[in-house]
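Visitor: Let me give you the structure first, and then I'll get to my questions.
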Amino acid sequence: MKPVKIAMLSLTHGHTRKYYQTLNDNPKLEWIAVYAETEKVKKNFLDWGYDIPCYLDEKEMFDKHPDIEAVVMASANNRHLHQFRECAKRGIHVLSMKIPTFDLEEYDEINDLVDKAGIVCQVELEMHYNPVVTRLYELAANNELGRVSAINATNITLSPVWAFPWQGVPEESYGKRVRLKEGDHRFRGGALCDHPHVFDLIRWMTGSDFDYVFAEVGPNIRQDLEVEDTLLVSGKMKNGVSFLFDPSWSRLEERLEVPGPGWEIFPKRMEVNVSVSGEKGVMMVDCFGPNVYHNGKPNDRYTVQYTYFDEWIGMMDEFVDCIRNRKNPKINLNWHRKTIEFVNACYESISTGKTIYL
Amino acid sequence: MKEIKEVEKALSGLLEKYAVKPASPFRMQKEGTEDELILLPGYCFENSVTEANEIPLLSWRAKRKFVELKKIVADTVIEDICLLRFLSMGCPDKWSLYSLVYRELDIVEYIGNGRIVSVNAVFAGKEAGNIILKLDNGALCSIEVGIQMPQGSKLLDRHEIIARRGVASDRVVDSQVPLSSIYSFTGEGEKRFTDTDMELYGFCENQVDHIRSAFQVFKNPDLIEIWRKQHSHLVHLTRQVFESDEKREKIIL
C-alpha cells in the first residue's frame, strides 16, 4: 500500500508532539510538511530535530506540496472550521482533534463539507486504541459483571493552559465567550472542553446514549484562570446505567511553556480510571497502568513515569486504512456529535443548576 | 469476625483499663433490655430522633486514617479545599445504600470541615449510585456508592481531598485499591492482613471502630449530644439524597 502523504497543521494542540514519532516512524505514512502558527511554535518544532519543512503560512505549505493527501489538524478549536473548509476544497483527509467545534451549526457545516468533498474525517479519541480499554470493552461484551448498574470514570489531568494558552481563552477553546453561570467570573472553555474521552467511552460500553445529566463546577484551583478547572458530572444513560465523571484539571503543574520533565507538581499528571459496578461484582480499571516511578531530575519530586506508548499507532493505522480502502472511521463526525451535545448539556446544567434531558 | 459478646467484653476491658465508668449498663447490638444503653453505628437507627437509651455512634471517626486526614485539613497542611472525591463499595450482606450514604455524608463534613448545602443524586436501582454535593466552604464533592461487591468482601473505599495547595488521600498515588499490611502467597492462594490496633488485636476493622467510638462517648459524654445532633442531621441529609434521585433534581438545603 502506498504510504499516505501527511502534514500537520498549526502545531498548537496539546497532543501535537505525540504525533511526531508516529508520523516519523510509521511506514504507512510519508511525513511531508508542517505548518506552525507562530515563530515560537516553529522554533519548538525545529528543536525536535525532524528534517521536515516547517511553514509559517498554511496556504504556502499546501501550494508548495500539492501532493499532501491528509493532515493532522493540531490546532485550537476555533480554527477548525476554517481549516476544514480549506481541506475540503483541496480534497485533503483530516484527522481532527477531539473537538471539531462546540457550535452545532458549525459542526453540521463541517460534516456537510466532509461528506460533499468525499474526504475521510476521523476524530482523535485515542482511548479506543488503548489495550486496557480494549480489554474493558471485551469484558463488558462478555458480560463479566452481568447487568451493569453504574459506570464512573475520571479523565483528570494537569492544566495545559501555560503551554497551550488557547485552552484558557474562552473564545478559542469553547468558540465564544459564555459565562459559566450568573455571578460567576468564569467562562466556558476549561477542563470540560479538554476531556471528552469518558463521555465517548460510556456510549461505546453501554451501546446507549445519554438520558439526563447534572453538572456542577467547583472553585478553581488556579484562581487566575477565566475558565473552569474543577467540575463533576453525573446522570443516567437511556438504558438505566448511572454515571459520574470527573473531567477536572485537578492535578497541579509547574507553569511550563513547553511540556517536559518537571511539569508535574502532583506526581501523576494524568489518569483515565473507570469503575464499573454490576450485578456480579465491581471492576476497577486504570487505563494507563502500570507505570514506573522516580524522584530524580529536575525537581527531585516523586513522579509517575508512564509506560504506555501505542495508542497513536493504532489510531493512525485506522486513519490510513480508511483513506486507502474508502472506509468510514469508527470515531467519525456523525458518531461524535452526541458527545459534543453532551458537553453543551453539561454547561447548560452548570448554568441553570438544573438536570438537563438529552 | 469475633462474636458481639467479645466486642462488648473488649469495650468493658478498655473502660476498666482507663478507669472510665459507663453511666449505665450497655450493649452493642439491637437485642437486649430497656435499661441498657444501645451503642451502634448511627445508620442502624432509622429515626432522626433516637430514644433516650440509643446512642448513634459515628464509628468511622475513630478510624486512624480519617483522624489523620482530618488533621491534614484542619492544620492546613493542604490549603483551600476545592474538590473531595469519595468512593465506597460494599457487599450487600454488610451494607445498604442507606448506610454507605449516611457514613460518607458524615465523612464529607468531618474531613471537609464544612456543612453540606446542596445535594444531587442519581441512583441505579438499590445497588449503586452517585452524589454531587456542595459544602458551605465552597468545596465540591462527589460520593460514589455501591453494594455490588461479592458477599463477604471488605469495604473498598477511597477518600481524596484536592486543594489549591496539595492533595491528601487514603489511597497511594497511582493505585486503585487499598493497601494491606501483610500479603501471604502460598499454595492456598493469596491472603492479606491489615492490623492497626494492638489493644484490640484480632478484631476486624469495623469492630475496632465500633469499640473505639463507644469508648470515646463513655470517656467524653459531651460527645453523646454532639453525635445525636449530627445523627439527626445525617438522617435528614440521607433522606434528601434519595429524594433528589427520585425527583431528578438538585436539592438546596
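Letters for chains follow the order of the C-alpha cells (A, B, ...), residue numbers begin at 1 for each chain, and ligand numbers begin at 1 in the order shown.
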Select all residues from chain B having any atom no more than 6 Å from an atom of chain A (counting only C-alpha atoms, ignoring ligands), output as a ChimeraX atom specification.
Guide: /B:82,124,140,148-150,164,249
Visitor: Which residues are near range 175-180 of chain B? Cut-off 8 Å, only C-alpha atoms, ignore same chain within fewer than 4 positions. Put them as a ChimeraX atom specification.
Guide: /A:284-286 /B:156-158,170-171,192-194
Visitor: Take the residues from that selection and write them out as a PDB file, in the first residue's frame, keeping N, CA and C atoms.
Guide:
```pdb
ATOM      1  N   MET A 284     -12.357  -2.348  38.733  1.00  0.00           N
ATOM      2  CA  MET A 284     -11.637  -1.073  38.814  1.00  0.00           C
ATOM      3  C   MET A 284     -10.579  -1.103  37.712  1.00  0.00           C
ATOM      4  N   VAL A 285     -10.515  -0.062  36.915  1.00  0.00           N
ATOM      5  CA  VAL A 285      -9.672  -0.067  35.718  1.00  0.00           C
ATOM      6  C   VAL A 285      -8.786   1.170  35.694  1.00  0.00           C
ATOM      7  N   ASP A 286      -7.508   0.944  35.476  1.00  0.00           N
ATOM      8  CA  ASP A 286      -6.583   2.053  35.255  1.00  0.00           C
ATOM      9  C   ASP A 286      -6.131   1.945  33.814  1.00  0.00           C
TER      10      ASP A 286
ATOM     11  N   LEU B 156     -14.495  -1.373  50.023  1.00  0.00           N
ATOM     12  CA  LEU B 156     -13.475  -0.791  49.159  1.00  0.00           C
ATOM     13  C   LEU B 156     -13.772   0.704  49.122  1.00  0.00           C
ATOM     14  N   ASP B 157     -12.911   1.499  49.730  1.00  0.00           N
ATOM     15  CA  ASP B 157     -13.228   2.929  49.754  1.00  0.00           C
ATOM     16  C   ASP B 157     -12.024   3.784  49.389  1.00  0.00           C
ATOM     17  N   ARG B 158     -12.302   5.020  49.070  1.00  0.00           N
ATOM     18  CA  ARG B 158     -11.271   5.985  48.700  1.00  0.00           C
ATOM     19  C   ARG B 158     -11.749   7.361  49.148  1.00  0.00           C
ATOM     20  N   ASP B 170      -6.406   8.683  51.260  1.00  0.00           N
ATOM     21  CA  ASP B 170      -6.104   7.424  51.927  1.00  0.00           C
ATOM     22  C   ASP B 170      -5.721   6.369  50.888  1.00  0.00           C
ATOM     23  N   ARG B 171      -5.428   6.790  49.691  1.00  0.00           N
ATOM     24  CA  ARG B 171      -5.040   5.895  48.611  1.00  0.00           C
ATOM     25  C   ARG B 171      -3.714   6.379  48.045  1.00  0.00           C
ATOM     26  N   ARG B 192      -4.434 -11.589  52.761  1.00  0.00           N
ATOM     27  CA  ARG B 192      -3.990 -10.255  53.174  1.00  0.00           C
ATOM     28  C   ARG B 192      -4.421 -10.005  54.609  1.00  0.00           C
ATOM     29  N   PHE B 193      -3.612  -9.239  55.314  1.00  0.00           N
ATOM     30  CA  PHE B 193      -3.926  -8.880  56.686  1.00  0.00           C
ATOM     31  C   PHE B 193      -3.639  -7.400  56.892  1.00  0.00           C
ATOM     32  N   THR B 194      -4.546  -6.741  57.611  1.00  0.00           N
ATOM     33  CA  THR B 194      -4.299  -5.346  58.000  1.00  0.00           C
ATOM     34  C   THR B 194      -4.674  -5.206  59.463  1.00  0.00           C
TER      35      THR B 194
END
```
Visitor: List every residue of range 3-252 of chain B that DSSP, applied to the backbone, labels as alpha helix (DSSP H), and write the result as a ChimeraX atom specification.
Guide: /B:4-17,64-74,97-112,205-219,222-247
Visitor: Excluding Arg165 in chain B and any residue of its chain fewer than 3 positions from it, enumerate the residues within 8 Å of it, using only C-alpha atoms, and give them as an MDAnalysis selection string.
Guide: chainID B and resid 78:80
Visitor: Write the selection just made, keeping N, CA, C and O atoms, as a PDB file, in the first residue's frame?
Guide:
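Heads up, here's the output in selection.pdb:
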```pdb
ATOM      1  N   ILE B  78      -2.689  20.887  53.825  1.00  0.00           N
ATOM      2  CA  ILE B  78      -3.166  21.260  52.486  1.00  0.00           C
ATOM      3  C   ILE B  78      -4.075  22.466  52.682  1.00  0.00           C
ATOM      4  O   ILE B  78      -4.722  22.589  53.725  1.00  0.00           O
ATOM      5  N   GLU B  79      -4.079  23.368  51.703  1.00  0.00           N
ATOM      6  CA  GLU B  79      -4.784  24.639  51.898  1.00  0.00           C
ATOM      7  C   GLU B  79      -5.826  24.880  50.827  1.00  0.00           C
ATOM      8  O   GLU B  79      -5.563  24.676  49.643  1.00  0.00           O
ATOM      9  N   ASP B  80      -6.974  25.418  51.252  1.00  0.00           N
ATOM     10  CA  ASP B  80      -8.051  25.824  50.324  1.00  0.00           C
ATOM     11  C   ASP B  80      -8.589  24.638  49.539  1.00  0.00           C
ATOM     12  O   ASP B  80      -8.318  24.464  48.351  1.00  0.00           O
TER      13      ASP B  80
END
```
Visitor: Which residues are close to Leu84 in chain B, i.e. within 10 Å by only C-alpha atoms, leaving aside same-chain residues fewer than 5 positions away? Reply as a PDB file with all heavy atoms, in the first residue's frame.
Guide:
```pdb
ATOM      1  N   GLY A 218     -16.712  23.375  40.633  1.00  0.00           N
ATOM      2  CA  GLY A 218     -16.157  23.680  41.944  1.00  0.00           C
ATOM      3  C   GLY A 218     -15.358  24.968  41.853  1.00  0.00           C
ATOM      4  O   GLY A 218     -15.262  25.578  40.781  1.00  0.00           O
TER       5      GLY A 218
ATOM      6  N   VAL B 108     -17.655  13.402  54.691  1.00  0.00           N
ATOM      7  CA  VAL B 108     -17.505  14.648  53.903  1.00  0.00           C
ATOM      8  C   VAL B 108     -17.445  15.842  54.850  1.00  0.00           C
ATOM      9  O   VAL B 108     -16.568  16.698  54.758  1.00  0.00           O
ATOM     10  CB  VAL B 108     -18.662  14.825  52.895  1.00  0.00           C
ATOM     11  CG1 VAL B 108     -18.733  16.268  52.384  1.00  0.00           C
ATOM     12  CG2 VAL B 108     -18.493  13.887  51.712  1.00  0.00           C
ATOM     13  N   ILE B 111     -14.216  15.537  57.466  1.00  0.00           N
ATOM     14  CA  ILE B 111     -12.900  15.838  56.899  1.00  0.00           C
ATOM     15  C   ILE B 111     -12.930  17.173  56.151  1.00  0.00           C
ATOM     16  O   ILE B 111     -11.979  17.955  56.198  1.00  0.00           O
ATOM     17  CB  ILE B 111     -12.445  14.710  55.946  1.00  0.00           C
ATOM     18  CG1 ILE B 111     -12.153  13.432  56.748  1.00  0.00           C
ATOM     19  CG2 ILE B 111     -11.218  15.118  55.154  1.00  0.00           C
ATOM     20  CD1 ILE B 111     -11.745  12.252  55.888  1.00  0.00           C
ATOM     21  N   GLY B 112     -14.030  17.426  55.435  1.00  0.00           N
ATOM     22  CA  GLY B 112     -14.132  18.623  54.609  1.00  0.00           C
ATOM     23  C   GLY B 112     -14.293  19.909  55.393  1.00  0.00           C
ATOM     24  O   GLY B 112     -14.219  21.003  54.842  1.00  0.00           O
ATOM     25  N   ILE B 132     -23.481  14.317  43.974  1.00  0.00           N
ATOM     26  CA  ILE B 132     -22.644  15.514  43.891  1.00  0.00           C
ATOM     27  C   ILE B 132     -23.146  16.453  44.979  1.00  0.00           C
ATOM     28  O   ILE B 132     -24.352  16.698  45.090  1.00  0.00           O
ATOM     29  CB  ILE B 132     -22.751  16.180  42.506  1.00  0.00           C
ATOM     30  CG1 ILE B 132     -22.145  15.268  41.425  1.00  0.00           C
ATOM     31  CG2 ILE B 132     -22.050  17.528  42.499  1.00  0.00           C
ATOM     32  CD1 ILE B 132     -22.265  15.809  40.009  1.00  0.00           C
ATOM     33  N   LEU B 133     -22.220  16.970  45.781  1.00  0.00           N
ATOM     34  CA  LEU B 133     -22.617  17.852  46.892  1.00  0.00           C
ATOM     35  C   LEU B 133     -21.775  19.113  46.898  1.00  0.00           C
ATOM     36  O   LEU B 133     -20.669  19.130  46.360  1.00  0.00           O
ATOM     37  CB  LEU B 133     -22.371  17.186  48.244  1.00  0.00           C
ATOM     38  CG  LEU B 133     -22.690  15.738  48.428  1.00  0.00           C
ATOM     39  CD1 LEU B 133     -21.417  14.935  48.505  1.00  0.00           C
ATOM     40  CD2 LEU B 133     -23.446  15.524  49.717  1.00  0.00           C
ATOM     41  N   LYS B 134     -22.300  20.125  47.532  1.00  0.00           N
ATOM     42  CA  LYS B 134     -21.525  21.349  47.771  1.00  0.00           C
ATOM     43  C   LYS B 134     -21.470  21.565  49.278  1.00  0.00           C
ATOM     44  O   LYS B 134     -22.442  21.328  49.996  1.00  0.00           O
ATOM     45  CB  LYS B 134     -22.219  22.546  47.116  1.00  0.00           C
ATOM     46  CG  LYS B 134     -21.669  22.921  45.745  1.00  0.00           C
ATOM     47  CD  LYS B 134     -20.737  24.098  45.807  1.00  0.00           C
ATOM     48  CE  LYS B 134     -19.782  24.238  44.666  1.00  0.00           C
ATOM     49  NZ  LYS B 134     -20.147  25.272  43.710  1.00  0.00           N
ATOM     50  N   LEU B 135     -20.313  22.051  49.741  1.00  0.00           N
ATOM     51  CA  LEU B 135     -20.173  22.415  51.150  1.00  0.00           C
ATOM     52  C   LEU B 135     -20.301  23.929  51.299  1.00  0.00           C
ATOM     53  O   LEU B 135     -20.090  24.667  50.334  1.00  0.00           O
ATOM     54  CB  LEU B 135     -18.798  21.986  51.672  1.00  0.00           C
ATOM     55  CG  LEU B 135     -18.542  20.487  51.822  1.00  0.00           C
ATOM     56  CD1 LEU B 135     -17.144  20.240  52.360  1.00  0.00           C
ATOM     57  CD2 LEU B 135     -19.561  19.849  52.751  1.00  0.00           C
ATOM     58  N   ALA B 139     -16.393  24.035  48.653  1.00  0.00           N
ATOM     59  CA  ALA B 139     -15.847  22.812  48.052  1.00  0.00           C
ATOM     60  C   ALA B 139     -16.938  21.995  47.367  1.00  0.00           C
ATOM     61  O   ALA B 139     -18.078  21.930  47.833  1.00  0.00           O
ATOM     62  CB  ALA B 139     -15.147  21.967  49.113  1.00  0.00           C
ATOM     63  N   LEU B 140     -16.555  21.378  46.250  1.00  0.00           N
ATOM     64  CA  LEU B 140     -17.449  20.481  45.504  1.00  0.00           C
ATOM     65  C   LEU B 140     -17.054  19.046  45.832  1.00  0.00           C
ATOM     66  O   LEU B 140     -15.858  18.747  45.934  1.00  0.00           O
ATOM     67  CB  LEU B 140     -17.270  20.734  44.001  1.00  0.00           C
ATOM     68  CG  LEU B 140     -18.150  19.962  43.028  1.00  0.00           C
ATOM     69  CD1 LEU B 140     -19.596  20.407  43.155  1.00  0.00           C
ATOM     70  CD2 LEU B 140     -17.661  20.176  41.594  1.00  0.00           C
ATOM     71  N   CYS B 141     -18.051  18.182  46.011  1.00  0.00           N
ATOM     72  CA  CYS B 141     -17.737  16.809  46.450  1.00  0.00           C
ATOM     73  C   CYS B 141     -18.497  15.784  45.621  1.00  0.00           C
ATOM     74  O   CYS B 141     -19.632  16.052  45.216  1.00  0.00           O
ATOM     75  CB  CYS B 141     -18.163  16.590  47.894  1.00  0.00           C
ATOM     76  SG  CYS B 141     -17.907  17.988  48.951  1.00  0.00           S
ATOM     77  N   SER B 142     -17.884  14.644  45.452  1.00  0.00           N
ATOM     78  CA  SER B 142     -18.608  13.516  44.849  1.00  0.00           C
ATOM     79  C   SER B 142     -18.519  12.329  45.792  1.00  0.00           C
ATOM     80  O   SER B 142     -17.510  12.118  46.463  1.00  0.00           O
ATOM     81  CB  SER B 142     -18.026  13.142  43.491  1.00  0.00           C
ATOM     82  OG  SER B 142     -16.677  12.724  43.609  1.00  0.00           O
ATOM     83  N   ILE B 143     -19.628  11.587  45.847  1.00  0.00           N
ATOM     84  CA  ILE B 143     -19.645  10.324  46.592  1.00  0.00           C
ATOM     85  C   ILE B 143     -20.157   9.259  45.634  1.00  0.00           C
ATOM     86  O   ILE B 143     -21.252   9.409  45.068  1.00  0.00           O
ATOM     87  CB  ILE B 143     -20.575  10.394  47.819  1.00  0.00           C
ATOM     88  CG1 ILE B 143     -20.105  11.446  48.813  1.00  0.00           C
ATOM     89  CG2 ILE B 143     -20.657   9.034  48.503  1.00  0.00           C
ATOM     90  CD1 ILE B 143     -21.045  11.628  50.005  1.00  0.00           C
ATOM     91  N   HIS B 159     -10.840   8.120  49.724  1.00  0.00           N
ATOM     92  CA  HIS B 159     -11.182   9.487  50.133  1.00  0.00           C
ATOM     93  C   HIS B 159     -10.047  10.402  49.722  1.00  0.00           C
ATOM     94  O   HIS B 159      -8.938  10.292  50.228  1.00  0.00           O
ATOM     95  CB  HIS B 159     -11.418   9.543  51.650  1.00  0.00           C
ATOM     96  CG  HIS B 159     -12.504   8.616  52.079  1.00  0.00           C
ATOM     97  ND1 HIS B 159     -12.275   7.285  52.339  1.00  0.00           N
ATOM     98  CD2 HIS B 159     -13.841   8.802  52.231  1.00  0.00           C
ATOM     99  CE1 HIS B 159     -13.426   6.694  52.641  1.00  0.00           C
ATOM    100  NE2 HIS B 159     -14.392   7.595  52.582  1.00  0.00           N
ATOM    101  N   GLU B 160     -10.326  11.241  48.761  1.00  0.00           N
ATOM    102  CA  GLU B 160      -9.288  12.125  48.237  1.00  0.00           C
ATOM    103  C   GLU B 160      -9.741  13.563  48.399  1.00  0.00           C
ATOM    104  O   GLU B 160     -10.883  13.890  48.096  1.00  0.00           O
ATOM    105  CB  GLU B 160      -9.045  11.826  46.762  1.00  0.00           C
ATOM    106  CG  GLU B 160      -7.892  12.617  46.165  1.00  0.00           C
ATOM    107  CD  GLU B 160      -7.683  12.335  44.680  1.00  0.00           C
ATOM    108  OE1 GLU B 160      -8.634  12.468  43.911  1.00  0.00           O
ATOM    109  OE2 GLU B 160      -6.548  12.001  44.304  1.00  0.00           O
ATOM    110  N   ILE B 161      -8.837  14.385  48.871  1.00  0.00           N
ATOM    111  CA  ILE B 161      -9.156  15.796  49.073  1.00  0.00           C
ATOM    112  C   ILE B 161      -8.169  16.601  48.242  1.00  0.00           C
ATOM    113  O   ILE B 161      -6.956  16.500  48.451  1.00  0.00           O
ATOM    114  CB  ILE B 161      -9.012  16.210  50.562  1.00  0.00           C
ATOM    115  CG1 ILE B 161      -9.814  15.245  51.450  1.00  0.00           C
ATOM    116  CG2 ILE B 161      -9.496  17.630  50.761  1.00  0.00           C
ATOM    117  CD1 ILE B 161      -8.981  14.311  52.245  1.00  0.00           C
ATOM    118  N   ILE B 162      -8.687  17.401  47.304  1.00  0.00           N
ATOM    119  CA  ILE B 162      -7.843  18.150  46.371  1.00  0.00           C
ATOM    120  C   ILE B 162      -7.955  19.617  46.732  1.00  0.00           C
ATOM    121  O   ILE B 162      -9.055  20.187  46.773  1.00  0.00           O
ATOM    122  CB  ILE B 162      -8.307  17.906  44.936  1.00  0.00           C
ATOM    123  CG1 ILE B 162      -8.158  16.413  44.592  1.00  0.00           C
ATOM    124  CG2 ILE B 162      -7.513  18.766  43.952  1.00  0.00           C
ATOM    125  CD1 ILE B 162      -9.025  15.954  43.449  1.00  0.00           C
ATOM    126  N   ALA B 163      -6.810  20.232  46.983  1.00  0.00           N
ATOM    127  CA  ALA B 163      -6.816  21.625  47.422  1.00  0.00           C
ATOM    128  C   ALA B 163      -5.954  22.458  46.491  1.00  0.00           C
ATOM    129  O   ALA B 163      -5.258  21.930  45.625  1.00  0.00           O
ATOM    130  CB  ALA B 163      -6.278  21.706  48.850  1.00  0.00           C
ATOM    131  N   VAL B 167      -2.704  17.722  47.805  1.00  0.00           N
ATOM    132  CA  VAL B 167      -3.750  16.702  47.705  1.00  0.00           C
ATOM    133  C   VAL B 167      -3.501  15.722  48.839  1.00  0.00           C
ATOM    134  O   VAL B 167      -2.349  15.361  49.103  1.00  0.00           O
ATOM    135  CB  VAL B 167      -3.666  15.950  46.356  1.00  0.00           C
ATOM    136  CG1 VAL B 167      -4.667  14.795  46.302  1.00  0.00           C
ATOM    137  CG2 VAL B 167      -3.882  16.901  45.194  1.00  0.00           C
ATOM    138  N   ALA B 168      -4.557  15.310  49.527  1.00  0.00           N
ATOM    139  CA  ALA B 168      -4.430  14.292  50.565  1.00  0.00           C
ATOM    140  C   ALA B 168      -5.360  13.147  50.241  1.00  0.00           C
ATOM    141  O   ALA B 168      -6.429  13.357  49.665  1.00  0.00           O
ATOM    142  CB  ALA B 168      -4.774  14.884  51.929  1.00  0.00           C
ATOM    143  N   SER B 169      -4.952  11.950  50.599  1.00  0.00           N
ATOM    144  CA  SER B 169      -5.798  10.803  50.253  1.00  0.00           C
ATOM    145  C   SER B 169      -5.444   9.616  51.123  1.00  0.00           C
ATOM    146  O   SER B 169      -4.324   9.523  51.643  1.00  0.00           O
ATOM    147  CB  SER B 169      -5.590  10.449  48.777  1.00  0.00           C
ATOM    148  OG  SER B 169      -6.379   9.334  48.430  1.00  0.00           O
TER     149      SER B 169
END
```
Visitor: Between CA of Leu333 in chain A and CA of Glu58 in chain A, what is the spacing in Å?
Guide: 23.7 Å
